[in-house]
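A short write-up of the structure that comes next.
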Amino acid sequence: MKKVIAFATALLLAPVFFISCTKKSDKEIKSKSSQEEESDSKTEESDGKKEAPAESAKAAEEIVWFGSESTPFDKASLTDAPTSFSEFSTVLAIGDQIVIPQDCDVYKSPNSQDFKESPGKLKEESTVHLLYQDQDKNWLCFVDEKGKCAWAKTTVPFKQRQYTSNDSIIRKLWEKDGFDLAAFSPDGKTVAFHRWDYRFSSEKGLCVCDRATGEELFVTEAKPRSRIAMAYSPDGEYIYYVRDDKYLMQVCIKDKTQKDLGSPTPYQASINDHSEFLQSIHPLPDGENILCGVYYESWAMYNLKTQSWTYKTGGDFMWANSFAFSPDGKYIAGSAGNPTDLCVWKMDTREIVWQKMRDFGGDLYYSADGKTLYVVNGTGITALNALTGEEISKAYIEFPYHYNLYSWQVIPKKDRVLFTVNEEKSGQYDSEHGFTYLYVYELSTGKLVQAEHIEDAGKKIEALAISPDGKYISIRIKDGSHVNECHQVICAVNLDKKAKEMPSVKRSKDEEKSRRFLLENSFTAGWWRLSFYPDGVYGLWARHDGTMTGNWILKKSENREGYYEVALSTPMHGGKEEPYSFTNQYNMQASFPGEYMVYPDYEDFDCKGSLGAYDDGDPILQSERPSPAWKTYYYKGENVLKYPGWGDKDAKYLTVLENTKMRKEPSLNAETVSLAYFDYQNEKYIESRNVVYAGQVIRIIGATERKETIDGKTAPWYLIYEDDHNGGEFTEGSLVWVYGGYSYESDLKDAK
């Protein structure tokens with residue numbers, strides 16, 4: 001039985017967002033009256049204020065109650081011992097049904113005794129769905145057929161569905177020593193990747209293999225260095241990769257020759273960054289152009305006919321990596337890390353069609369009809385209107401913090417997205433880990449299709465590639481710390497399996513809003529960062545002090561109507577529970593364990609959302625999500641209009657006409673600010689100036705609502721971030737105020 005518990009508890013991923021329900025018989029559906037349906041609907045939206053007709057007052061008072069009366073699935077298919085998996089096979093899937101053979105206590109949170117919670121009861125022979133488990137494998141999280149969710153200790157025995165090899169959607173074909181990313185040819189008949197091959201004195205070789213048999217068609221020497229990007233041409237006749245992080249290389253498959261296509265950026269570091277490199281390659285469907293993602297410089301286009309780099313964007317859309325092309329070839333969509341997360345251009349004119357500012361970073365995929373643009377990242381799947389950018393839907397996939405998401409790939413024609421996930425053990429070495437999985441979801445709905453267990457034995461998935469037709473996958477597996485212990489494993493995969501049906505976890509709208517707010521945001525606390533995870537764990541992290549972890553539970557506030565509070569247990573530090581307190585940037589005391597009010601709608605000049613002290617509700621821990629622009633906030637004793645962030649499409653800049661003093665406050669009586677820059681050669685800071693020089697163009701952060709008249713000029717005070725642009729390296733900037741009477745506002749096109 002211990003083996004059963006240890007095996008099944010490896011599953012941690014928690015897709016509790018599914019908008020689906022357990023199948024019922026036609027008889028059950030017909031027997032439910034319209035009055036009962038209306039009653040159920042009202043109960044779900046009432047935030048728990050009204051009790052469902054079938055529930056007693058006593059049941060309503062209990063924290064959690066499992067009482068599934070539905071008939072468990074066929075007992076003949078149950079097993080007390082898991083099947084042995086030597087290579088690729090199905091394991092107990094997320095949301096799969098299990099039977100609890102005896103009564104047991106259940107709680108709202110792992111280690112919930114810390115919160116002085118009375119247990120509920122799980123009835124004997126109840127059928128429930130497994131969601132995830134805490135990192136120490138002491139607690140399992142379930143959801144029953146009615147959508148009620150709770151935790152039980154792993155000492156509780158259970159029976160799982162027995163699987164056979166026919167249940168697996170993956171069939172292993174062959175394996176070779178190889179590393180870095182792989183790429184399938186457009187027809188899916190060959191696959192290319194870099195090999196650790198001693199024929200080249202341990203240098204990297206570009207290997208092209210027959211997809212079905214693994215036969216090496218040819219190997220050519222290639223030295224891509226540290227960052228790998230690779231792609232086939234649309235006709236399958238060429239392979240492109242990046243050499244020395246800078247140069248685009250072309251390999252002709254027919255005659256096995258290589259050609260250097262050059263680089264869009266100087267090899268030497270630019271004034272912006274020391275690491276401008278090509279980080280992605282995207283041959284366009286026209287067969288004439290190759291779009292490359294360029295770190296810090298957005299993207300560049302290489303034309304094969306003219307053999308030259310024909311277009312390169314500036315630094316207004318930096319760290320762009322993922323690109324997608326509309327099926328009609330008219331639009332390019334790009335995702336960048338900073339400052340703008342998502343942008344769509346017209347292919348012919350490079351004109352920006354629409355832009356999303358934050359919260360939309362990820363890999364991009366157009367639907368087959370080109371009407372929907374999907375954004376896939378570590379939190380789930382967002383569907384956007386491809387022409388307007390309007391959000392259509394969002395499916396959340398919740399990852400416990402001790403799961404590491406390594407890679408994902410999407411096949412729009414198959415309506416599937418594949419995630420590779422590794423379970424990371426606490427206190428482990430880098431080369432050690434727990435179980436490794438491949439999860440398959442529907443792209444359009446976010447429903448789970450399958451969970452696959454990939455060769456346990458200490459191996460870790462680090463990358464995933466998939467053939468254009470969605471029938472084959474390449475998985476890079478690492479089983480140690482050495483390069484030659486990496487393997488490319490080629491498999492046939494069936495992505496036509498139907499999605500699983502499981503109940504969604506039912507929560508009131510206010511509870512779900514507060515819970516989602518905690519899971520989607522990190523909170524600043526001086527030098528600390530506080531993060532919440534779906535498996536009931538919080539992490540308090542600082543660079544020099546390590547990580548503390550504890551449990552959290554969300555509960556309805558008894559003192560504030562419609563609000564929720566989060567209770568934090570005693571944190572673990574160095575393997576021991578230690579109460580902890582610190583003073584944050586607002587000079588307020590925060591402590592763990594403790595209780596804090598959740599304020600998703602709180603806004604100030606810097607952030608949107610906060611946690612407040614339980615006693616008075618003042619903000620203590622602010623979220624790291626910026627508040628909206630073009631709104632007036634009370635900031636530093638003034639009503640200040642906030643301007644858009646740096647790089648945003650409608651950002652505004654201040655063009656300075658006369659030397660203007662920089663001040664600490666928006667007043668002529670305020671102290672001036674002197675900026676310094678670091679003289680690298682002489683290794684010392686030099687006082688530079690206390691004015692903004694005439695001719696400078698600086699982004700505006702905010703402007704006072706109040707206007708002041710000075711020297712016959714009436715203008716607001718502007719808040720800007722200024723440093724010495726023409727000084728030495730390692731400039732030291734500062735937020736400063738300047739009077740606007742000697743300047744004028746300009747848009748992005750006027751900025752330097």
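Labels used: A, B, ... for chains in the order of the structure tokens, numbers from 1 for residues in each chain, and numbers from 1 for ligands as shown.
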From a DSSP calculation on the backbone, collect every residue of range 376-563 of chain A in strand (DSSP E) and output the set as a PyMOL selection string.
chain A and resi 376-377+380-385+391-396+403-411+416-423+436-442+448-454+460-466+472-478+486-493+522-525+528-532+537-542+546-556
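The smallest atom-to-atom distance between Leu495 in chain A and any of A:Ser444, A:Lys713, A:Pro644, A:Ile169, using only C-alpha atoms, is found for A:Ile169.
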Distance query range 526-541 of chain A at most 7 Å, only C-alpha atoms, self and fewer than 6 positions along chain excluded, as a list in words
Ser109, Pro110, Tyr132, Gln133, Asp134, Glu398, Phe399, Pro400, Tyr401, Leu518, Leu519, Thr547, Met548, Thr549, Gly550, Asn551, Trp552, Ile553, Asn584 and Gln585 of chain A
Nearest to Lys642 in chain A among A:Asp469, A:Glu577, A:Glu705, A:Glu624, with distances taken over only C-alpha atoms: which residue is it?
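Looking only at the distances to Lys642 in chain A, the closest residue turns out to be A:Glu705.
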Check the smallest atom-to-atom distance from each of A:Val738, A:Tyr563, A:Thr672, A:Lys459 to Ile475 in chain A using only C-alpha atoms, then report the winner.
A:Lys459
Given only C-alpha atoms as the basis, pick out the residue of A:Asp187, A:Glu391, A:Lys500, A:Lys652 nearest to His129 in chain A.
A:Lys500
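Every protein, DNA or RNA residue with an atom at most 8 Å from Ala386 in chain A, where only C-alpha atoms count and chain neighbours fewer than 6 positions away do not, is listed here: Tyr366, Gly370, Lys371, Thr372 and Leu373 of chain A.
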Name the residues in contact with Ala229 in chain A at a cut-off of 8 Å, using only C-alpha atoms, excluding same-chain residues fewer than 2 positions from it; report them as a PyMOL selection string.
chain A and resi 181+227+231+241-242+278-281
Using only C-alpha atoms, which residue out of A:Ser610, A:Asn659, A:Ser126, A:Thr583 lies closest to Tyr693 in chain A?
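Once distances to Tyr693 in chain A are computed over only C-alpha atoms, the minimum belongs to A:Asn659.
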Name all residues at most 12 Å from Asp415 in chain A (count only C-alpha atoms; drop same-chain ones fewer than 6 positions away) and give them as an NGL selection string.
:A and (365-368 or 374 or 381 or 409 or 440-449 or 469-470 or 495-499)
For CA of Phe582 in chain A and CA of Ser569 in chain A, determine how far apart the two atoms are, in Å to one decimal place.
15.4 Å
